[in-house]
Structure formats: C-alpha cells, structure tokens
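Source file: coords-v2.cif (mmCIF, N, CA and C atoms and all ligand atoms)
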```
data_upload
loop_
_atom_site.label_atom_id
_atom_site.label_comp_id
_atom_site.auth_asym_id
_atom_site.auth_seq_id
_atom_site.Cartn_x
_atom_site.Cartn_y
_atom_site.Cartn_z
N MET A 373 0.83 -1.19 0.00
CA MET A 373 0.00 0.00 0.00
C MET A 373 0.87 1.24 0.00
N SER A 374 0.38 2.26 -0.67
CA SER A 374 1.18 3.47 -0.77
C SER A 374 0.88 4.46 0.36
N ASP A 375 -0.20 4.25 1.11
CA ASP A 375 -0.48 5.13 2.24
C ASP A 375 -0.79 4.28 3.46
N ASP A 376 -0.97 4.93 4.59
CA ASP A 376 -1.20 4.18 5.82
C ASP A 376 -2.66 4.19 6.25
N LYS A 377 -3.57 4.52 5.33
CA LYS A 377 -4.99 4.46 5.65
C LYS A 377 -5.43 3.01 5.75
N PRO A 378 -6.33 2.70 6.70
CA PRO A 378 -6.81 1.33 6.78
C PRO A 378 -7.60 0.97 5.52
N PRO A 379 -7.56 -0.31 5.11
CA PRO A 379 -8.29 -0.71 3.91
C PRO A 379 -9.79 -0.60 4.13
N ILE A 380 -10.52 -0.36 3.06
CA ILE A 380 -11.98 -0.29 3.10
C ILE A 380 -12.52 -1.58 2.53
N ASP A 381 -13.52 -2.15 3.20
CA ASP A 381 -14.19 -3.35 2.73
C ASP A 381 -14.80 -3.08 1.35
N PRO A 382 -14.44 -3.87 0.33
CA PRO A 382 -14.99 -3.61 -1.01
C PRO A 382 -16.51 -3.62 -1.06
N ASP A 383 -17.16 -4.41 -0.20
CA ASP A 383 -18.62 -4.42 -0.16
C ASP A 383 -19.18 -3.07 0.29
N ALA A 384 -18.34 -2.29 0.96
CA ALA A 384 -18.80 -0.99 1.46
C ALA A 384 -18.41 0.15 0.52
N ASP A 385 -17.82 -0.14 -0.62
CA ASP A 385 -17.42 0.92 -1.55
C ASP A 385 -18.56 1.88 -1.88
N PRO A 386 -19.79 1.40 -2.18
CA PRO A 386 -20.87 2.36 -2.47
C PRO A 386 -21.18 3.28 -1.28
N TYR A 387 -21.03 2.74 -0.06
CA TYR A 387 -21.24 3.58 1.13
C TYR A 387 -20.23 4.72 1.15
N TRP A 388 -18.93 4.36 0.99
CA TRP A 388 -17.88 5.39 1.07
C TRP A 388 -17.93 6.34 -0.12
N ALA A 389 -18.38 5.86 -1.28
CA ALA A 389 -18.58 6.76 -2.42
C ALA A 389 -19.68 7.76 -2.08
N GLY A 390 -20.72 7.31 -1.38
CA GLY A 390 -21.78 8.20 -0.93
C GLY A 390 -21.25 9.25 0.03
N VAL A 391 -20.44 8.82 1.00
CA VAL A 391 -19.86 9.76 1.96
C VAL A 391 -19.05 10.83 1.21
N ALA A 392 -18.26 10.40 0.24
CA ALA A 392 -17.45 11.35 -0.54
C ALA A 392 -18.33 12.33 -1.31
N ALA A 393 -19.54 11.88 -1.67
CA ALA A 393 -20.47 12.73 -2.42
C ALA A 393 -21.43 13.49 -1.50
N GLY A 394 -21.27 13.34 -0.18
CA GLY A 394 -22.14 14.03 0.76
C GLY A 394 -23.49 13.35 0.95
N GLU A 395 -23.54 12.04 0.71
CA GLU A 395 -24.77 11.25 0.90
C GLU A 395 -24.55 10.18 1.96
N LEU A 396 -25.57 9.97 2.80
CA LEU A 396 -25.53 8.86 3.75
C LEU A 396 -26.31 7.70 3.15
N ARG A 397 -25.58 6.69 2.71
CA ARG A 397 -26.22 5.54 2.06
C ARG A 397 -26.35 4.37 3.03
N TYR A 398 -27.42 3.63 2.87
CA TYR A 398 -27.67 2.43 3.65
C TYR A 398 -28.28 1.41 2.70
N ARG A 399 -28.61 0.22 3.19
CA ARG A 399 -29.24 -0.78 2.33
C ARG A 399 -30.60 -1.14 2.88
N ARG A 400 -31.50 -1.56 1.97
CA ARG A 400 -32.84 -1.97 2.38
C ARG A 400 -33.10 -3.35 1.79
N CYS A 401 -33.58 -4.25 2.64
CA CYS A 401 -33.86 -5.62 2.23
C CYS A 401 -35.06 -5.67 1.28
N LYS A 402 -34.89 -6.34 0.15
CA LYS A 402 -35.98 -6.49 -0.82
C LYS A 402 -37.03 -7.48 -0.33
N SER A 403 -36.65 -8.35 0.62
CA SER A 403 -37.56 -9.39 1.09
C SER A 403 -38.40 -8.93 2.27
N CYS A 404 -37.75 -8.42 3.33
CA CYS A 404 -38.50 -8.07 4.55
C CYS A 404 -38.60 -6.57 4.77
N GLY A 405 -37.88 -5.77 3.98
CA GLY A 405 -37.99 -4.32 4.09
C GLY A 405 -37.12 -3.69 5.16
N ALA A 406 -36.31 -4.49 5.85
CA ALA A 406 -35.47 -3.94 6.91
C ALA A 406 -34.46 -2.94 6.36
N ALA A 407 -34.25 -1.86 7.10
CA ALA A 407 -33.16 -0.93 6.81
C ALA A 407 -31.90 -1.51 7.42
N ILE A 408 -30.81 -1.54 6.65
CA ILE A 408 -29.60 -2.23 7.08
C ILE A 408 -28.45 -1.25 7.15
N PHE A 409 -27.88 -1.13 8.35
CA PHE A 409 -26.70 -0.30 8.57
C PHE A 409 -25.91 -0.95 9.70
N PHE A 410 -24.63 -1.07 9.59
CA PHE A 410 -23.73 -0.79 8.54
C PHE A 410 -24.05 -1.66 7.32
N PRO A 411 -23.94 -1.11 6.10
CA PRO A 411 -24.34 -1.88 4.92
C PRO A 411 -23.65 -3.24 4.83
N ARG A 412 -24.47 -4.26 4.59
CA ARG A 412 -23.98 -5.63 4.42
C ARG A 412 -24.65 -6.22 3.19
N SER A 413 -24.08 -7.30 2.67
CA SER A 413 -24.62 -7.89 1.45
C SER A 413 -25.69 -8.93 1.73
N ILE A 414 -25.94 -9.22 3.01
CA ILE A 414 -27.01 -10.15 3.41
C ILE A 414 -27.80 -9.49 4.53
N CYS A 415 -29.12 -9.58 4.44
CA CYS A 415 -29.98 -8.97 5.46
C CYS A 415 -29.76 -9.67 6.81
N PRO A 416 -29.40 -8.93 7.87
CA PRO A 416 -29.20 -9.56 9.18
C PRO A 416 -30.50 -9.99 9.83
N LYS A 417 -31.64 -9.52 9.31
CA LYS A 417 -32.93 -9.86 9.92
C LYS A 417 -33.50 -11.16 9.34
N CYS A 418 -33.42 -11.32 7.98
CA CYS A 418 -34.07 -12.50 7.38
C CYS A 418 -33.12 -13.34 6.53
N GLY A 419 -31.90 -12.86 6.29
CA GLY A 419 -30.92 -13.65 5.56
C GLY A 419 -30.99 -13.51 4.05
N ALA A 420 -31.90 -12.68 3.54
CA ALA A 420 -32.01 -12.51 2.08
C ALA A 420 -30.76 -11.81 1.54
N PRO A 421 -30.31 -12.22 0.34
CA PRO A 421 -29.12 -11.60 -0.25
C PRO A 421 -29.46 -10.30 -0.99
N ASP A 422 -28.39 -9.55 -1.27
CA ASP A 422 -28.42 -8.40 -2.17
C ASP A 422 -29.46 -7.33 -1.84
N PRO A 423 -29.44 -6.80 -0.63
CA PRO A 423 -30.32 -5.66 -0.36
C PRO A 423 -29.95 -4.49 -1.26
N VAL A 424 -30.94 -3.65 -1.56
CA VAL A 424 -30.70 -2.52 -2.47
C VAL A 424 -30.10 -1.33 -1.70
N TRP A 425 -29.36 -0.51 -2.41
CA TRP A 425 -28.79 0.70 -1.83
C TRP A 425 -29.85 1.80 -1.83
N ALA A 426 -29.84 2.61 -0.78
CA ALA A 426 -30.75 3.74 -0.67
C ALA A 426 -30.01 4.91 -0.03
N VAL A 427 -30.56 6.10 -0.18
CA VAL A 427 -29.95 7.30 0.40
C VAL A 427 -30.84 7.81 1.53
N SER A 428 -30.25 7.98 2.69
CA SER A 428 -30.96 8.48 3.86
C SER A 428 -31.14 9.99 3.77
N SER A 429 -32.20 10.49 4.41
CA SER A 429 -32.37 11.95 4.56
C SER A 429 -31.28 12.52 5.45
N GLY A 430 -30.68 11.66 6.28
CA GLY A 430 -29.64 12.10 7.20
C GLY A 430 -30.18 12.69 8.48
N THR A 431 -31.49 12.73 8.64
CA THR A 431 -32.06 13.29 9.86
C THR A 431 -32.53 12.18 10.78
N GLY A 432 -32.42 12.46 12.08
CA GLY A 432 -32.83 11.47 13.05
C GLY A 432 -32.85 12.05 14.44
N ILE A 433 -33.06 11.18 15.40
CA ILE A 433 -33.20 11.54 16.81
C ILE A 433 -32.09 10.85 17.60
N VAL A 434 -31.45 11.61 18.50
CA VAL A 434 -30.38 11.05 19.32
C VAL A 434 -30.97 9.99 20.26
N TYR A 435 -30.44 8.78 20.14
CA TYR A 435 -30.88 7.66 20.99
C TYR A 435 -30.02 7.60 22.26
N ALA A 436 -28.72 7.91 22.11
CA ALA A 436 -27.80 7.89 23.25
C ALA A 436 -26.62 8.79 22.92
N CYS A 437 -25.98 9.31 23.95
CA CYS A 437 -24.78 10.11 23.72
C CYS A 437 -23.83 9.94 24.90
N THR A 438 -22.54 10.14 24.63
CA THR A 438 -21.54 10.07 25.67
C THR A 438 -20.38 10.97 25.30
N THR A 439 -19.72 11.50 26.31
CA THR A 439 -18.54 12.33 26.08
C THR A 439 -17.30 11.50 26.43
N VAL A 440 -16.38 11.45 25.48
CA VAL A 440 -15.17 10.65 25.63
C VAL A 440 -14.06 11.53 26.19
N HIS A 441 -13.44 11.07 27.28
CA HIS A 441 -12.32 11.79 27.88
C HIS A 441 -11.01 11.02 27.73
N ARG A 442 -11.08 9.70 27.54
CA ARG A 442 -9.89 8.87 27.31
C ARG A 442 -10.12 8.16 25.99
N ALA A 443 -9.40 8.61 24.97
CA ALA A 443 -9.69 8.16 23.61
C ALA A 443 -8.61 7.23 23.09
N PRO A 444 -8.95 6.44 22.05
CA PRO A 444 -7.92 5.70 21.35
C PRO A 444 -6.90 6.67 20.77
N HIS A 445 -5.70 6.17 20.49
CA HIS A 445 -4.59 7.02 20.04
C HIS A 445 -4.98 7.96 18.90
N ALA A 446 -5.71 7.45 17.90
CA ALA A 446 -6.03 8.26 16.72
C ALA A 446 -6.91 9.46 17.05
N PHE A 447 -7.60 9.41 18.20
CA PHE A 447 -8.51 10.50 18.56
C PHE A 447 -8.01 11.28 19.78
N ALA A 448 -6.80 10.98 20.25
CA ALA A 448 -6.32 11.54 21.51
C ALA A 448 -6.29 13.07 21.51
N ASP A 449 -6.00 13.67 20.34
CA ASP A 449 -5.92 15.14 20.31
C ASP A 449 -7.29 15.79 20.24
N ARG A 450 -8.36 15.00 20.24
CA ARG A 450 -9.72 15.57 20.11
C ARG A 450 -10.49 15.56 21.43
N VAL A 451 -9.94 14.96 22.47
CA VAL A 451 -10.69 14.87 23.74
C VAL A 451 -10.84 16.24 24.39
N PRO A 452 -11.92 16.48 25.12
CA PRO A 452 -13.09 15.62 25.16
C PRO A 452 -13.94 15.83 23.91
N TYR A 453 -14.60 14.75 23.47
CA TYR A 453 -15.52 14.86 22.34
C TYR A 453 -16.74 13.98 22.61
N THR A 454 -17.81 14.29 21.93
CA THR A 454 -19.07 13.58 22.15
C THR A 454 -19.39 12.72 20.94
N ILE A 455 -19.84 11.52 21.20
CA ILE A 455 -20.34 10.65 20.15
C ILE A 455 -21.79 10.30 20.46
N VAL A 456 -22.54 10.07 19.40
CA VAL A 456 -23.97 9.81 19.56
C VAL A 456 -24.37 8.55 18.80
N LEU A 457 -25.42 7.92 19.27
CA LEU A 457 -26.15 6.91 18.51
C LEU A 457 -27.43 7.61 18.05
N VAL A 458 -27.69 7.54 16.74
CA VAL A 458 -28.84 8.25 16.18
C VAL A 458 -29.77 7.26 15.50
N ASP A 459 -31.06 7.40 15.78
CA ASP A 459 -32.09 6.64 15.07
C ASP A 459 -32.50 7.47 13.86
N LEU A 460 -32.08 7.01 12.66
CA LEU A 460 -32.40 7.74 11.43
C LEU A 460 -33.85 7.50 11.05
N GLU A 461 -34.41 8.46 10.31
CA GLU A 461 -35.83 8.40 9.91
C GLU A 461 -36.16 7.11 9.15
N GLU A 462 -35.19 6.57 8.44
CA GLU A 462 -35.45 5.39 7.60
C GLU A 462 -35.47 4.10 8.40
N GLY A 463 -35.17 4.16 9.71
CA GLY A 463 -35.33 2.97 10.53
C GLY A 463 -34.05 2.23 10.87
N PHE A 464 -32.91 2.89 10.78
CA PHE A 464 -31.68 2.25 11.25
C PHE A 464 -30.99 3.17 12.26
N ARG A 465 -30.09 2.59 13.03
CA ARG A 465 -29.36 3.32 14.06
C ARG A 465 -27.88 3.31 13.71
N MET A 466 -27.22 4.44 13.88
CA MET A 466 -25.78 4.50 13.61
C MET A 466 -25.09 5.43 14.60
N MET A 467 -23.77 5.29 14.67
CA MET A 467 -22.94 6.10 15.55
C MET A 467 -22.25 7.18 14.75
N GLY A 468 -22.01 8.31 15.37
CA GLY A 468 -21.25 9.37 14.73
C GLY A 468 -20.75 10.37 15.76
N GLY A 469 -19.82 11.20 15.33
CA GLY A 469 -19.35 12.29 16.16
C GLY A 469 -20.36 13.43 16.13
N VAL A 470 -20.08 14.48 16.89
CA VAL A 470 -21.00 15.62 16.99
C VAL A 470 -20.27 16.89 16.60
N ILE A 471 -20.93 17.70 15.80
CA ILE A 471 -20.51 19.07 15.55
C ILE A 471 -21.57 19.93 16.21
N ALA A 472 -21.18 20.67 17.24
CA ALA A 472 -22.18 21.30 18.11
C ALA A 472 -22.68 22.64 17.59
N ASN A 473 -22.07 23.21 16.57
CA ASN A 473 -22.54 24.48 15.99
C ASN A 473 -22.75 25.56 17.04
N GLY A 474 -21.72 25.79 17.81
CA GLY A 474 -21.80 26.86 18.80
C GLY A 474 -22.35 26.43 20.14
N ARG A 475 -23.03 25.31 20.17
CA ARG A 475 -23.46 24.76 21.44
C ARG A 475 -22.31 23.92 21.98
N GLY A 476 -22.26 23.75 23.27
CA GLY A 476 -21.28 22.83 23.82
C GLY A 476 -21.67 21.40 23.47
N ASP A 477 -20.68 20.54 23.27
CA ASP A 477 -21.00 19.14 23.00
C ASP A 477 -21.93 18.57 24.06
N ASP A 478 -21.76 19.05 25.32
CA ASP A 478 -22.58 18.51 26.39
C ASP A 478 -24.04 18.93 26.27
N ASP A 479 -24.33 19.89 25.37
CA ASP A 479 -25.71 20.32 25.17
C ASP A 479 -26.49 19.38 24.25
N ILE A 480 -25.81 18.40 23.67
CA ILE A 480 -26.49 17.40 22.86
C ILE A 480 -27.10 16.37 23.80
N SER A 481 -28.38 16.13 23.66
CA SER A 481 -29.09 15.26 24.59
C SER A 481 -29.90 14.20 23.86
N VAL A 482 -30.20 13.15 24.57
CA VAL A 482 -31.12 12.13 24.07
C VAL A 482 -32.43 12.82 23.69
N GLY A 483 -32.93 12.48 22.51
CA GLY A 483 -34.19 13.06 22.03
C GLY A 483 -33.99 14.25 21.10
N ASP A 484 -32.77 14.80 21.03
CA ASP A 484 -32.52 15.93 20.13
C ASP A 484 -32.62 15.49 18.67
N ARG A 485 -33.13 16.38 17.83
CA ARG A 485 -33.18 16.13 16.39
C ARG A 485 -31.85 16.59 15.79
N VAL A 486 -31.25 15.73 14.98
CA VAL A 486 -29.94 16.02 14.39
C VAL A 486 -29.96 15.67 12.90
N ILE A 487 -28.96 16.19 12.20
CA ILE A 487 -28.80 15.88 10.78
C ILE A 487 -27.34 15.55 10.52
N VAL A 488 -27.12 14.64 9.60
CA VAL A 488 -25.76 14.20 9.30
C VAL A 488 -25.03 15.27 8.50
N THR A 489 -23.74 15.33 8.71
CA THR A 489 -22.84 16.11 7.89
C THR A 489 -21.55 15.30 7.82
N PHE A 490 -20.60 15.73 7.04
CA PHE A 490 -19.39 14.93 6.86
C PHE A 490 -18.18 15.82 7.08
N LYS A 491 -17.20 15.27 7.78
CA LYS A 491 -15.94 15.98 7.95
C LYS A 491 -14.82 14.96 8.03
N ASP A 492 -13.62 15.40 7.77
CA ASP A 492 -12.49 14.47 7.75
C ASP A 492 -12.29 13.84 9.11
N GLY A 493 -12.13 12.53 9.12
CA GLY A 493 -11.83 11.78 10.31
C GLY A 493 -10.32 11.66 10.49
N PRO A 494 -9.88 10.89 11.49
CA PRO A 494 -8.44 10.80 11.77
C PRO A 494 -7.63 10.16 10.65
N GLU A 495 -8.28 9.37 9.78
CA GLU A 495 -7.54 8.78 8.65
C GLU A 495 -7.48 9.73 7.46
N GLY A 496 -8.06 10.91 7.59
CA GLY A 496 -7.98 11.90 6.53
C GLY A 496 -9.05 11.76 5.46
N ARG A 497 -10.01 10.88 5.67
CA ARG A 497 -11.13 10.78 4.73
C ARG A 497 -12.40 11.17 5.47
N PRO A 498 -13.41 11.66 4.72
CA PRO A 498 -14.65 12.11 5.39
C PRO A 498 -15.36 10.95 6.08
N VAL A 499 -15.96 11.28 7.22
CA VAL A 499 -16.79 10.34 7.97
C VAL A 499 -18.03 11.09 8.44
N PRO A 500 -19.11 10.35 8.76
CA PRO A 500 -20.33 11.02 9.20
C PRO A 500 -20.20 11.63 10.61
N TYR A 501 -20.70 12.83 10.75
CA TYR A 501 -20.89 13.49 12.03
C TYR A 501 -22.35 13.95 12.07
N PHE A 502 -22.81 14.33 13.25
CA PHE A 502 -24.16 14.85 13.37
C PHE A 502 -24.12 16.24 13.99
N GLU A 503 -25.05 17.08 13.57
CA GLU A 503 -25.19 18.43 14.13
C GLU A 503 -26.67 18.68 14.42
N PRO A 504 -26.95 19.62 15.32
CA PRO A 504 -28.36 19.90 15.62
C PRO A 504 -29.12 20.28 14.35
N ALA A 505 -30.34 19.76 14.21
CA ALA A 505 -31.15 20.05 13.02
C ALA A 505 -32.00 21.29 13.24
ZN ZN B 601 -34.60 -9.03 5.24
#
```

Since I need it in another form, could you write the structure as structure tokens?
Amino acid sequence: MSDDKPPIDPDADPYWAGVAAGELRYRRCKSCGAAIFFPRSICPKCGAPDPVWAVSSGTGIVYACTTVHRAPHAFADRVPYTIVLVDLEEGFRMMGGVIANGRGDDDISVGDRVIVTFKDGPEGRPVPYFEPA
C-alpha cells in the first residue's frame, strides 16, 4: 500500500462513495424491508441476499450520547468529544461524532433532532458526524 490508511471493505465501496459525495447511504432488504446499517450484502434480519442501496435523509433523533475523555490514540488530540447513537428516519441506528454548531457538545441530549454532515476523520477521509437540526 502506498499510504497508511486502513483498507476499506470492497462491499462498502458504495457507502464510502456516498460519503465522498455528501450522501448517507444504507441498504434496504428487498424481502423483509429492513433498513440495514452498517451496509452488508445479506440482510441480518431475514438472511435474504443483495439488499438494495438507498440514500438516507440524514435526519434522526439522538438515541444515546456520551462524552469521551480517554480516547484511542487516533482520537487523543480531540478529547473531550461527544459521540452519539442516532435513530435515522429510515429505521436504522448508527454512531457518529458531533458538531455542536456553537453549542457545547454537552448540550447534545437524548431526544434531540440532528442531521448528518461529513468531515475528515483521523484517517484523513470524510466520515459522518451529526449536528443539531
Ligand atoms: Zn430481510
């Protein structure tokens, strides 16, 4: 490899292409209708293959949040920072960082409405973050 970025799962290429284009992509099962995140090639609910790709609105409700004070090495220069679990409108839950938009990270609470945005992560490629909607 010519750089030190971790490899990306080829099955997730459409997801990362979406992130690069400013879209939050997920998969939806053609058999049972389940929203699937992190995208996988087999539905974790019913086992059907080849769920279709879809684009999320990126809006959702904070299900849980925590502020990290002792971080893994790659995030050590960012402490303290807040991460959230968000229930997206399309019916899946995902984790992301928080951009507080002038609010303190601690002002993000369970039940807050948020929207996804993208900013460079520690590996230098964009990753999903959430900000107040
Ligand atoms: Zn299914």

- request: In Å, rounded to a single decimal, give me how far atom N of Pro411 (chain A) is from CA of Ala505 (chain A).
  value: 23.4 Å

Separation of atom N of Val486 (chain A) from atom C of Tyr435 (chain A), in Å and rounded to one decimal: 11.0 Å

- request: Rank A:Ser429, A:Pro423, A:Thr454, A:Ala446 by their smallest atom-to-atom distance to ligand ZN 601 (chain B), using only C-alpha atoms and all ligand atoms, and report the top residue only.
  value: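 Looking only at the distances to ligand ZN 601 (chain B), the closest residue turns out to be A:Pro423.
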
task: Select from chain A everything DSSP, run on the backbone, classes as strand (DSSP E), then give the selection as a ChimeraX atom specification.
output: /A:397-400,407-408,424-427,431-440,453-460,465-470,485-492,498-504

Contacts of Ile471 (chain A) within 6 Å, all atoms listed in the file, excl. fewer than 5 positions in-chain, as a JSON list (two decimals) with N, CA and C atoms, in the coordinates of the input:
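Result saved to selection_15.json:
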```json
[["chain", "number", "residue", "atom", "x", "y", "z"],
["A", 501, "TYR", "N", -20.70, 12.83, 10.75],
["A", 501, "TYR", "CA", -20.89, 13.49, 12.03],
["A", 501, "TYR", "C", -22.35, 13.95, 12.07],
["A", 502, "PHE", "N", -22.81, 14.33, 13.25],
["A", 502, "PHE", "CA", -24.16, 14.85, 13.37],
["A", 502, "PHE", "C", -24.12, 16.24, 13.99],
["A", 503, "GLU", "N", -25.05, 17.08, 13.57],
["A", 503, "GLU", "CA", -25.19, 18.43, 14.13],
["A", 503, "GLU", "C", -26.67, 18.68, 14.42],
["A", 504, "PRO", "N", -26.95, 19.62, 15.32],
["A", 504, "PRO", "CA", -28.36, 19.90, 15.62],
["A", 504, "PRO", "C", -29.12, 20.28, 14.35]]
```

message: Can you measure atom N of Cys415 (chain A) to CA of Ala384 (chain A) for me? One decimal in Å is fine.
response: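 Atom-to-atom, atom N of Cys415 (chain A) and CA of Ala384 (chain A) are spaced 13.8 Å apart.
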
- prompt: What do you get as a list in words if you pick all residues at most 6 Å from ligand ZN 601 (chain B), counting all atoms listed in the file?
  reply: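 The residues near ligand ZN 601 (chain B) are Cys401, Lys402, Ser403, Cys404, Gly405, Ala406, Cys415, Pro416, Lys417, Cys418, Gly419 and Ala420 of chain A.
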